[in-house]
There are 2 protein chains.
Amino acid sequence: MTPDEFRRRGHEVVEWVASYMERVGGLPIAAAVRPGEIRAKLPAAAPEAPEPFESLLADLDEVVLPGITHWQAPGWFGYFPANVSPPSILAELVSAGLGAQGMIWSSSPALTEIEAHVLDWLVDLLGLPEHFKTAVGPGGGVIQMSASDSTHLVHVVARERAVQAGAPLERLVAYGSSQAHSSVERGARIAGLAHVRKLAVDGAFALRPEALREAVEHDRAAGLHPTIVTSAIGTTGTGAVDPIAAVAEIAQEHGLWHHVDAAWAGSAMLCEEHRDKQAGAERADSYTFNPHKWLFTNFDCNVLWIADRAPLIGTLSILPPYLQNAATQSGEVIDYRDWHVPLGRRFRALKLWWVLRSYGAEGLRGLLREHVALAQELGRRVDAHPRLERVAPVSFALVCFCHAGGNEATDGLADAINAEPTLYVTPSTVGDTRYVRVAVGQTRTTPEDVERLWRVIDAAA
Amino acid sequence: MTPDEFRRRGHEVVEWVASYMERVGGLPIAAAVRPGEIRAKLPAAAPEAPEPFESLLADLDEVVLPGITHWQAPGWFGYFPANVSPPSILAELVSAGLGAQGMIWSSSPALTEIEAHVLDWLVDLLGLPEHFKTAVGPGGGVIQMSASDSTHLVHVVARERAVQAGAPLERLVAYGSSQAHSSVERGARIAGLAHVRKLAVDGAFALRPEALREAVEHDRAAGLHPTIVTSAIGTTGTGAVDPIAAVAEIAQEHGLWHHVDAAWAGSAMLCEEHRDKQAGAERADSYTFNPHKWLFTNFDCNVLWIADRAPLIGTLSILPPYLQNAATQSGEVIDYRDWHVPLGRRFRALKLWWVLRSYGAEGLRGLLREHVALAQELGRRVDAHPRLERVAPVSFALVCFCHAGGNEATDGLADAINAEPTLYVTPSTVGDTRYVRVAVGQTRTTPEDVERLWRVIDAAA
């Protein structure tokens with residue numbers, strides 16, 4: 001395909017994506033295919049001869065779309081959002097076209113410097129401490145693929161710190177609440193930590209600091225080595241906010257690495273009125289949040305900040321001869337390959353830069369505040385409804401509630417919502433209680449969409 | 001930005017990328033910026049108010065391009081290629097526009113099924129064993145971000161197998177040749193394996209199987225637990241090919257996990273004439289290659305095949321309530337979140353599908369054979385030149401040579417090449433010998449580009 005053919009096909013693809021944006025609100029959100037149905041449409045072997053581009057485009061509608069669950073529909077209230085935006089989508093196109101590698105500074109300096117700089121911008125936007133900035137130090141930020149990667153990585157770094165302090169691998173312990181994201185247990189297990197404690201939570205599903213203290217003291221007494229604790233700002237289940245400052249206190253006292261997982265709710269910190277929820281995070285060893293969840297930036301874009309980059313780089317740096325270069329030797333540059341497991345890295349900062357500039361901080365705050373207001377209003381209606389009960393406080397833009405008639409009635413409620421093709425929720429369970437999770441945050445969700453949702457809830461309840 | 005504005009801006013961005021494709025061959029490949037120069041062009045804080053899209057586009061030329069090292073230039077002979085192609089770039093645009101998540105089958109079935117199917121196509125295209133196919137089993141393929149991720153992951157799975165067999169963590173040993181990619185030592189270290197052995201190589205820089213056997217027996221005798229060995233098809237330094245079958249034999253005999261790293265050269269296996277290099281891989285426990293290196297597919301697209309997916313899933317699977325769903329419970333579907341460290345995953349299979357269909361297998365083989373032929377011809381010229389010496393056999397499309405006058409003369413040679421703005425090589429060191437690495441494989445590299453390169457080499461030598 002020549003540049004001119006790319007031009008022509010590119011315009012067709014832009015048209016297809018624009019038309020998808022226009023259509024997505026009217027499509028049934030949940031893919032209705034059976035297991036194997038998409039595969040069955042594909043030929044048994046790769047083609048030997050080239051196929052015309054028309055066939056590829058046609059298959060987007062015929063093969064792909066029936067198997068897509070439409071995360072970008074305005075009636076999307078499932079999981080957490082993975083909201084995208086036009087400038088972010090176009091930045092992905094530019095990044096793909098440049099095809100540059102940012103594994104080390106010298107392999108494409110703009111990738112590293114724009115990433116480092118934009119993440120420093122975000123430190124201010126989120127009200128995080130100055131030492132999280134690469135330009136200030138000793139910490140710094142880096143883009144990773146997912147919060148699971150970041151959480152895994154800090155477990156590795158904390159493990160190395162413990163091992164260097166003489167602790168045997170078999171005695172290391174990781175902590176999180178029983179409501180912590182699965183990536184905490186998974187990250188600890190993948191990092192080879194032998195023990196994972198899931199701590200008790202309070203009535204709002206937040207970690208009980210005394211449970212942490214007791215567990216740490218108990219483990220110490222048993223000859224184990226308490227290594228790392230993860231606290232959450234906004235758990236996946238119910239949006240619970242752990243007491244960050246109290247955890248920071250205990251972590252400091254007992255020499256634990258303190259990791260803050262704000263994967264979803266971190267975006268809300270752009271709005272000052274939420275920052276009380278992260279008080280204490282300025283003392284954390286690491287902090288992660290996902291612009292690819294609720295900040296209009298395409299997956300993948302997870303940010304990890306670390307309070308001190310030295311132990312991270314110390315754990316991950318190996319310099320083979322083919323990567324040696326004058327800039328690295330000078331010590332004046334960041335080589336992000338030393339900041340995560342993968343070596344190669346594409347230009348992911350571009351979309352974040354374009355999103356921040358296209359919306360402006362005020363524009364982003366406006367959208368986030370609208371989502372939160374919609375969730376608060378929905379929460380008030382749930383509270384006022386005789387047959388609905390909230391199972392947790394409304395948290396940022398997440399509302400969790402059940403039917404007073406019990407689990408079966410709650411599942412019936414979720415089914416009724418999902419029977420409406422252009423609405424979508426993912427019900428869940430906490431303790432023995434089934435509940436409906438409504439996560440407001442899709443880019444194009446409007447008050448009318450929440451109103452539509454409410455009408456179905458009200459009618460079904 | 002409305003869909004109509006996206007349409008308009010999208011056409012502008014397509015035009016920018018098309019024009020970049022036309023211009024890139026004439027741009028100085030290596031970014032000429034000093035450390036900090038790009039950052040200094042950026043404002044100290046994120047903008048509060050939205051900026052017009054024109055400013056974003058203008059900054060591509062003013063801020064970004066000066067800091068890009070142009071991996072997509074036809075005169076690119078550095079590192080390994082990270083070649084891209086128009087259909088791959090456009091697939092990235094579609095994937096970004098869909099903004100769908102493939103963490104589990106039910107969160108967007110097309111993402112999982114097209115990935116599983118296309119990777120099964122590739123099993124045939126590369127001449128790998130049937131049991132690597134998800135449709136056959138017990139193995140299967142999955143797309144990861146980088147070969148470093150795949151290599152790290154199999155070290156974790158092998159570690160768990162050893163621990164379950166009762167081996168203490170402190171006694172696990174990983175093996176690779178002294179020429180293995182840094183991701184082997186790094187992956188082992190991140191996975192918490194206490195011992196990494198870098199084995200002796202032969203005159204062609206390939207692992208000596210007797211060195212592996214001796215090391216394993218020695219470690220066993222010392223009470224250690226030999227756990228995993230990585231063999232390479234095409235090392236990064238010189239493209240060396242380890243004796244896969246001999247390693248497979250020793251691995252089987254001693255119960256080691258055998259991982260095959262064909263990150264770069266795996267693409268060449270589309271051409272039957274190279275398959276003797278991977279004889280024995282049909283007995284490997286895992287095999288990784290990067291379509292994002294030499295198969296015209298944008299980063300990130302690394303493929304990991306595993307001979308038996310059960311231990312992988314057994315190590316990584318944790319099923320929290322919010323991810324439970326009927327399809328997963330049925331056991332009829334693949335949930336790729338259990339196949340790697342991250343949870344979220346975007347639609348990366350689309351670009352691979354589009355590349356395979358746009359070029360057709362024959363088209364891809366034609367391009368790969370042209371790259372190999374260009375490298376072979378360059379190798380012959382090096383051999384015939386009185387002041388040049390090859391430091392390793394020409395391997396696939398990689399030529400490694402030095403100046404007979406010693407390291408200083410060789411560095412002078414590399415400098416002379418890189419002084420030509422539209423040519424680029426990354427020199428390296430093996431043992432005490434500096435050498436020039438010429439990796440042929442950029443999408444638009446032509447015989448004329450290699451001829452240009454040769455004229456500079458010949459003149460400088």
# chains A, B, ... in the order shown; residues from 1 in each chain; ligands from 1
>>> select_by_dssp(residues="stretch 102-177 of chain B", states="helix (DSSP H, G or I)", output="PyMOL selection string")
chain B and resi 105-107+109-125+130-132+147-164+169-171
>>> write_last_selection(atoms="C-alpha atoms", output="compact mmCIF listing (two decimals), in the first residue's frame")
# COMPACT_ATOMS: atom_id res chain seq x y z
CA TRP B 105 -14.38 -13.68 26.39
CA SER B 106 -17.69 -12.16 27.40
CA SER B 107 -16.33 -8.60 27.63
CA PRO B 109 -15.97 -12.12 22.24
CA ALA B 110 -14.56 -11.04 18.86
CA LEU B 111 -11.31 -9.91 20.48
CA THR B 112 -10.67 -13.33 21.97
CA GLU B 113 -11.86 -15.46 19.09
CA ILE B 114 -10.05 -13.56 16.34
CA GLU B 115 -6.86 -13.62 18.41
CA ALA B 116 -7.09 -17.34 19.10
CA HIS B 117 -7.88 -18.08 15.47
CA VAL B 118 -5.19 -15.92 13.89
CA LEU B 119 -2.56 -17.36 16.23
CA ASP B 120 -3.68 -20.84 15.11
CA TRP B 121 -3.16 -19.69 11.51
CA LEU B 122 0.36 -18.66 12.48
CA VAL B 123 1.12 -22.08 13.95
CA ASP B 124 0.69 -23.47 10.43
CA LEU B 125 2.47 -20.58 8.77
CA GLU B 130 -0.56 -28.73 16.12
CA HIS B 131 -0.79 -28.85 19.91
CA PHE B 132 0.21 -25.14 20.00
CA ALA B 147 9.01 -10.93 24.35
CA SER B 148 10.32 -9.78 27.74
CA ASP B 149 6.81 -10.26 29.14
CA SER B 150 6.52 -13.73 27.64
CA THR B 151 9.94 -14.79 28.83
CA HIS B 152 9.27 -13.44 32.31
CA LEU B 153 5.93 -15.23 32.40
CA VAL B 154 7.27 -18.67 31.53
CA HIS B 155 9.88 -18.25 34.24
CA VAL B 156 7.03 -17.67 36.68
CA VAL B 157 5.13 -20.74 35.46
CA ALA B 158 8.26 -22.90 35.59
CA ARG B 159 8.97 -21.57 39.08
CA GLU B 160 5.49 -22.57 40.25
CA ARG B 161 5.94 -26.05 38.77
CA ALA B 162 9.19 -26.42 40.68
CA VAL B 163 7.73 -25.10 43.93
CA GLN B 164 4.77 -27.43 43.63
CA LEU B 169 12.56 -21.02 45.97
CA GLU B 170 16.18 -20.32 46.84
CA ARG B 171 17.35 -23.31 44.83
>>> select_by_dssp(residues="stretch 168-308 of chain B", states="strand (DSSP E or B)", output="VMD selection string")
chain B and resid 172 to 177 195 to 199 201 207 225 to 233 241 257 to 261 286 to 289 302 to 306
>>> write_last_selection(atoms="N, CA and C atoms", output="short mmCIF file (atom, residue, chain, number, x, y, z; two decimals), in the first residue's frame")
data_model
loop_
_atom_site.label_atom_id
_atom_site.label_comp_id
_atom_site.auth_asym_id
_atom_site.auth_seq_id
_atom_site.Cartn_x
_atom_site.Cartn_y
_atom_site.Cartn_z
N LEU B 172 16.17 -22.57 42.85
CA LEU B 172 15.79 -22.68 41.43
C LEU B 172 16.85 -22.04 40.53
N VAL B 173 17.09 -22.68 39.40
CA VAL B 173 18.12 -22.20 38.48
C VAL B 173 17.55 -22.02 37.07
N ALA B 174 17.85 -20.89 36.47
CA ALA B 174 17.48 -20.63 35.07
C ALA B 174 18.75 -20.63 34.22
N TYR B 175 18.61 -21.11 32.98
CA TYR B 175 19.75 -21.22 32.08
C TYR B 175 19.47 -20.53 30.74
N GLY B 176 20.53 -19.99 30.18
CA GLY B 176 20.49 -19.46 28.83
C GLY B 176 21.94 -19.31 28.40
N SER B 177 22.17 -18.99 27.15
CA SER B 177 23.56 -18.82 26.74
C SER B 177 24.05 -17.44 27.15
N HIS B 195 19.07 -18.16 40.88
CA HIS B 195 20.31 -18.44 40.14
C HIS B 195 20.08 -18.37 38.64
N VAL B 196 20.97 -17.66 37.96
CA VAL B 196 20.89 -17.59 36.50
C VAL B 196 22.26 -17.97 35.95
N ARG B 197 22.27 -18.97 35.07
CA ARG B 197 23.55 -19.39 34.48
C ARG B 197 23.62 -18.94 33.03
N LYS B 198 24.74 -18.27 32.72
CA LYS B 198 24.97 -17.85 31.34
C LYS B 198 26.00 -18.79 30.74
N LEU B 199 25.55 -19.64 29.84
CA LEU B 199 26.38 -20.75 29.38
C LEU B 199 27.29 -20.38 28.22
N VAL B 201 29.29 -20.42 24.71
CA VAL B 201 28.82 -20.56 23.33
C VAL B 201 29.96 -21.05 22.44
N LEU B 207 24.70 -21.58 21.81
CA LEU B 207 24.84 -22.31 23.06
C LEU B 207 25.47 -23.69 22.81
N HIS B 225 18.02 -26.80 42.04
CA HIS B 225 16.90 -27.35 41.27
C HIS B 225 16.85 -26.71 39.88
N PRO B 226 17.52 -27.31 38.88
CA PRO B 226 17.46 -26.78 37.51
C PRO B 226 16.00 -26.68 37.06
N THR B 227 15.57 -25.48 36.61
CA THR B 227 14.15 -25.21 36.45
C THR B 227 13.74 -24.91 35.01
N ILE B 228 14.52 -24.08 34.34
CA ILE B 228 14.11 -23.62 33.00
C ILE B 228 15.33 -23.26 32.18
N VAL B 229 15.26 -23.58 30.89
CA VAL B 229 16.32 -23.16 29.96
C VAL B 229 15.67 -22.44 28.78
N THR B 230 16.28 -21.33 28.39
CA THR B 230 15.83 -20.60 27.20
C THR B 230 16.84 -20.79 26.09
N SER B 231 16.36 -21.24 24.95
CA SER B 231 17.25 -21.29 23.79
C SER B 231 16.77 -20.27 22.78
N ALA B 232 17.70 -19.76 22.00
CA ALA B 232 17.38 -18.66 21.09
C ALA B 232 17.50 -19.08 19.64
N ILE B 233 16.52 -18.67 18.85
CA ILE B 233 16.66 -18.75 17.39
C ILE B 233 16.89 -17.32 16.95
N VAL B 241 21.98 -19.06 16.36
CA VAL B 241 20.88 -20.02 16.50
C VAL B 241 21.34 -21.16 17.40
N TRP B 257 11.83 -26.81 32.09
CA TRP B 257 10.98 -26.11 31.13
C TRP B 257 11.88 -25.62 30.01
N HIS B 258 11.48 -25.83 28.76
CA HIS B 258 12.28 -25.35 27.64
C HIS B 258 11.52 -24.26 26.88
N HIS B 259 12.07 -23.06 26.97
CA HIS B 259 11.46 -21.89 26.31
C HIS B 259 12.29 -21.52 25.09
N VAL B 260 11.65 -21.32 23.96
CA VAL B 260 12.35 -20.93 22.74
C VAL B 260 12.07 -19.47 22.44
N ASP B 261 13.13 -18.67 22.36
CA ASP B 261 13.02 -17.25 22.09
C ASP B 261 13.38 -17.00 20.63
N SER B 286 7.41 -23.76 25.48
CA SER B 286 6.89 -22.46 25.07
C SER B 286 7.79 -21.89 23.97
N TYR B 287 7.20 -20.98 23.20
CA TYR B 287 7.87 -20.43 22.02
C TYR B 287 7.35 -19.02 21.84
N THR B 288 8.25 -18.05 21.70
CA THR B 288 7.78 -16.69 21.53
C THR B 288 8.39 -16.03 20.31
N PHE B 289 7.57 -15.23 19.60
CA PHE B 289 8.12 -14.41 18.51
C PHE B 289 7.33 -13.11 18.40
N ASN B 302 3.49 -9.24 20.54
CA ASN B 302 4.35 -10.40 20.78
C ASN B 302 3.45 -11.63 20.91
N VAL B 303 3.88 -12.74 20.34
CA VAL B 303 3.08 -13.97 20.46
C VAL B 303 3.80 -14.96 21.37
N LEU B 304 3.07 -15.50 22.32
CA LEU B 304 3.59 -16.60 23.14
C LEU B 304 2.74 -17.83 22.87
N TRP B 305 3.40 -18.92 22.45
CA TRP B 305 2.71 -20.20 22.41
C TRP B 305 3.21 -21.06 23.55
N ILE B 306 2.28 -21.82 24.07
CA ILE B 306 2.61 -22.67 25.19
C ILE B 306 2.10 -24.07 24.85
#
>>> closest_residue(among="A:Phe6, A:Tyr336, A:Trp16, A:Phe296", to="A:Leu356", atoms="only C-alpha atoms")
A:Phe296
>>> closest_residue(among="B:Glu332, B:Val438, B:Leu65, B:Asp383", to="B:Ile417", atoms="only C-alpha atoms")
B:Val438
>>> closest_residue(among="A:Cys400, A:Leu364, A:Val430, A:Ala246", to="A:Ser178", atoms="only C-alpha atoms")
A:Val430
>>> atom_distance(atom1="atom CA of B:Glu370", atom2="atom CA of B:Ala397")
9.1 Å
>>> closest_residue(among="B:Val394, B:Ile68, B:Ala194, B:Ala361", to="B:Arg437", atoms="only C-alpha atoms")
B:Val394
>>> closest_residue(among="B:Thr235, B:Gln324, B:Ser358, B:Ser395", to="A:Leu57", atoms="only C-alpha atoms")
B:Ser358
>>> residues_around(residues="A:Asp61", least_positions_apart="3", cutoff="12 Å", atoms="only C-alpha atoms", output="list in words")
Trp16, Val17, Ser19, Tyr20, Arg23, Glu54, Ser55, Leu56, Leu57, Ala58, Val64, Leu65, Pro66, Gly67 and Ile68 of chain A; Val94, Leu98 and Ala110 of chain B
>>> write_last_selection(atoms="C-alpha atoms", output="PDB file, in the first residue's frame")
ATOM      1  CA  TRP A  16     -15.989   3.903   9.493  1.00  0.00           C
ATOM      2  CA  VAL A  17     -14.882   4.946  12.992  1.00  0.00           C
ATOM      3  CA  SER A  19     -19.926   6.263  11.751  1.00  0.00           C
ATOM      4  CA  TYR A  20     -19.332   3.774  14.587  1.00  0.00           C
ATOM      5  CA  ARG A  23     -24.159   4.335  15.600  1.00  0.00           C
ATOM      6  CA  GLU A  54     -12.723  -3.835   0.879  1.00  0.00           C
ATOM      7  CA  SER A  55     -12.952  -7.346   2.363  1.00  0.00           C
ATOM      8  CA  LEU A  56     -11.229  -6.205   5.554  1.00  0.00           C
ATOM      9  CA  LEU A  57     -13.608  -3.285   5.939  1.00  0.00           C
ATOM     10  CA  ALA A  58     -16.642  -5.427   5.144  1.00  0.00           C
ATOM     11  CA  VAL A  64     -16.219  -8.095  14.170  1.00  0.00           C
ATOM     12  CA  LEU A  65     -19.179  -5.947  15.246  1.00  0.00           C
ATOM     13  CA  PRO A  66     -21.489  -8.847  16.151  1.00  0.00           C
ATOM     14  CA  GLY A  67     -18.771  -9.978  18.581  1.00  0.00           C
ATOM     15  CA  ILE A  68     -18.135  -6.592  20.178  1.00  0.00           C
TER      16      ILE A  68
ATOM     17  CA  VAL B  94     -10.084   0.852  14.312  1.00  0.00           C
ATOM     18  CA  LEU B  98     -13.873   0.466  19.096  1.00  0.00           C
ATOM     19  CA  ALA B 110     -14.556 -11.037  18.863  1.00  0.00           C
TER      20      ALA B 110
END
>>> residues_around(residues="B:Tyr322", least_positions_apart="3", cutoff="9 Å", atoms="only C-alpha atoms", output="list in words")
Tyr79, Thr236, Gly237, Thr426, Pro427, Ser428 and Thr429 of chain A; Leu319 and Asn325 of chain B
>>> write_last_selection(atoms="C-alpha atoms", output="compact mmCIF listing (two decimals), in the first residue's frame")
# COMPACT_ATOMS: atom_id res chain seq x y z
CA TYR A 79 -17.46 -2.87 35.13
CA THR A 236 -13.61 -2.48 42.14
CA GLY A 237 -16.46 -4.08 44.02
CA THR A 426 -22.38 -5.97 35.46
CA PRO A 427 -23.94 -7.26 38.68
CA SER A 428 -21.67 -8.58 41.40
CA THR A 429 -21.61 -10.11 44.87
CA LEU B 319 -11.78 -15.25 39.64
CA ASN B 325 -20.09 -14.87 34.03
>>> closest_residue(among="B:Ala211, B:Leu453, B:Leu312, B:Ile244", to="chain A", atoms="only C-alpha atoms")
B:Leu312
>>> residues_around(residues="B:Thr433", least_positions_apart="4", cutoff="12 Å", atoms="only C-alpha atoms", output="PyMOL selection string")
(chain A and resi 321) or (chain B and resi 237+389-392+400-411+427-429)
>>> write_last_selection(atoms="C-alpha atoms", output="PDB file, in the first residue's frame")
ATOM      1  CA  PRO A 321      26.096  -4.080  24.901  1.00  0.00           C
TER       2      PRO A 321
ATOM      3  CA  GLY B 237      23.828  -9.702  19.349  1.00  0.00           C
ATOM      4  CA  GLU B 389      35.762  -9.219   8.566  1.00  0.00           C
ATOM      5  CA  ARG B 390      32.525 -10.881   9.474  1.00  0.00           C
ATOM      6  CA  VAL B 391      32.335 -11.585  13.231  1.00  0.00           C
ATOM      7  CA  ALA B 392      29.519 -14.135  12.864  1.00  0.00           C
ATOM      8  CA  CYS B 400      27.777  -8.466  11.704  1.00  0.00           C
ATOM      9  CA  PHE B 401      31.256  -7.346  10.773  1.00  0.00           C
ATOM     10  CA  CYS B 402      34.206  -5.351  11.970  1.00  0.00           C
ATOM     11  CA  HIS B 403      37.122  -3.471  10.485  1.00  0.00           C
ATOM     12  CA  ALA B 404      40.338  -5.456  10.278  1.00  0.00           C
ATOM     13  CA  GLY B 405      42.071  -2.452  11.821  1.00  0.00           C
ATOM     14  CA  GLY B 406      40.548  -3.065  15.242  1.00  0.00           C
ATOM     15  CA  ASN B 407      37.892  -1.567  17.484  1.00  0.00           C
ATOM     16  CA  GLU B 408      38.733   2.036  16.841  1.00  0.00           C
ATOM     17  CA  ALA B 409      38.570   1.541  13.102  1.00  0.00           C
ATOM     18  CA  THR B 410      35.263  -0.319  13.511  1.00  0.00           C
ATOM     19  CA  ASP B 411      33.762   2.504  15.551  1.00  0.00           C
ATOM     20  CA  PRO B 427      27.174  -0.927  16.689  1.00  0.00           C
ATOM     21  CA  SER B 428      27.748  -3.446  19.453  1.00  0.00           C
ATOM     22  CA  THR B 429      30.387  -5.541  21.201  1.00  0.00           C
TER      23      THR B 429
END
>>> atom_distance(atom1="atom CA of B:Asn298", atom2="atom CA of B:Lys351")
7.5 Å
>>> atom_distance(atom1="atom CA of A:Ser108", atom2="atom CA of B:Phe77")
15.2 Å
>>> decode(residues="stretch 130-181 of chain A", atoms="C-alpha atoms", output="PDB file, in the first residue's frame")
ATOM      1  CA  GLU A 130       6.395  16.973  44.315  1.00  0.00           C
ATOM      2  CA  HIS A 131       8.851  14.119  44.814  1.00  0.00           C
ATOM      3  CA  PHE A 132       6.691  11.980  42.469  1.00  0.00           C
ATOM      4  CA  LYS A 133       7.951  14.189  39.621  1.00  0.00           C
ATOM      5  CA  THR A 134      10.888  13.024  37.521  1.00  0.00           C
ATOM      6  CA  ALA A 135      11.951  16.663  37.243  1.00  0.00           C
ATOM      7  CA  VAL A 136      12.151  16.904  41.046  1.00  0.00           C
ATOM      8  CA  GLY A 137      12.787  13.355  42.280  1.00  0.00           C
ATOM      9  CA  PRO A 138      13.825  11.079  43.796  1.00  0.00           C
ATOM     10  CA  GLY A 139      10.606   9.533  42.441  1.00  0.00           C
ATOM     11  CA  GLY A 140       8.955   9.591  39.057  1.00  0.00           C
ATOM     12  CA  GLY A 141       6.122   8.392  36.884  1.00  0.00           C
ATOM     13  CA  VAL A 142       5.949   5.860  34.079  1.00  0.00           C
ATOM     14  CA  ILE A 143       3.193   4.555  31.810  1.00  0.00           C
ATOM     15  CA  GLN A 144       2.509   0.831  32.064  1.00  0.00           C
ATOM     16  CA  MET A 145      -0.073  -1.348  30.380  1.00  0.00           C
ATOM     17  CA  SER A 146      -2.397  -1.999  33.283  1.00  0.00           C
ATOM     18  CA  ALA A 147      -2.705  -1.451  37.002  1.00  0.00           C
ATOM     19  CA  SER A 148      -2.076  -5.190  37.332  1.00  0.00           C
ATOM     20  CA  ASP A 149       1.372  -4.643  35.843  1.00  0.00           C
ATOM     21  CA  SER A 150       2.125  -1.788  38.217  1.00  0.00           C
ATOM     22  CA  THR A 151       0.879  -3.661  41.243  1.00  0.00           C
ATOM     23  CA  HIS A 152       2.856  -6.762  40.267  1.00  0.00           C
ATOM     24  CA  LEU A 153       5.951  -4.658  39.730  1.00  0.00           C
ATOM     25  CA  VAL A 154       5.925  -2.978  43.135  1.00  0.00           C
ATOM     26  CA  HIS A 155       5.526  -6.395  44.738  1.00  0.00           C
ATOM     27  CA  VAL A 156       8.724  -7.421  42.932  1.00  0.00           C
ATOM     28  CA  VAL A 157      10.579  -4.300  44.073  1.00  0.00           C
ATOM     29  CA  ALA A 158       9.358  -4.717  47.662  1.00  0.00           C
ATOM     30  CA  ARG A 159      10.388  -8.380  47.528  1.00  0.00           C
ATOM     31  CA  GLU A 160      13.896  -7.432  46.435  1.00  0.00           C
ATOM     32  CA  ARG A 161      14.148  -4.885  49.233  1.00  0.00           C
ATOM     33  CA  ALA A 162      13.172  -7.570  51.740  1.00  0.00           C
ATOM     34  CA  VAL A 163      15.559 -10.140  50.285  1.00  0.00           C
ATOM     35  CA  GLN A 164      18.410  -7.644  50.355  1.00  0.00           C
ATOM     36  CA  ALA A 165      17.586  -7.052  54.009  1.00  0.00           C
ATOM     37  CA  GLY A 166      18.156 -10.750  54.552  1.00  0.00           C
ATOM     38  CA  ALA A 167      14.572 -12.030  54.633  1.00  0.00           C
ATOM     39  CA  PRO A 168      14.113 -15.514  53.172  1.00  0.00           C
ATOM     40  CA  LEU A 169      11.741 -15.577  50.173  1.00  0.00           C
ATOM     41  CA  GLU A 170       9.449 -18.065  51.876  1.00  0.00           C
ATOM     42  CA  ARG A 171       8.669 -15.612  54.674  1.00  0.00           C
ATOM     43  CA  LEU A 172       7.493 -12.554  52.769  1.00  0.00           C
ATOM     44  CA  VAL A 173       3.926 -11.386  53.323  1.00  0.00           C
ATOM     45  CA  ALA A 174       1.721  -9.112  51.217  1.00  0.00           C
ATOM     46  CA  TYR A 175      -1.386  -7.393  52.602  1.00  0.00           C
ATOM     47  CA  GLY A 176      -4.546  -5.901  51.168  1.00  0.00           C
ATOM     48  CA  SER A 177      -8.166  -5.790  52.177  1.00  0.00           C
ATOM     49  CA  SER A 178     -10.609  -8.575  51.374  1.00  0.00           C
ATOM     50  CA  GLN A 179     -12.043  -6.110  48.849  1.00  0.00           C
ATOM     51  CA  ALA A 180      -8.714  -5.360  47.161  1.00  0.00           C
ATOM     52  CA  HIS A 181      -8.581  -5.923  43.419  1.00  0.00           C
TER      53      HIS A 181
END
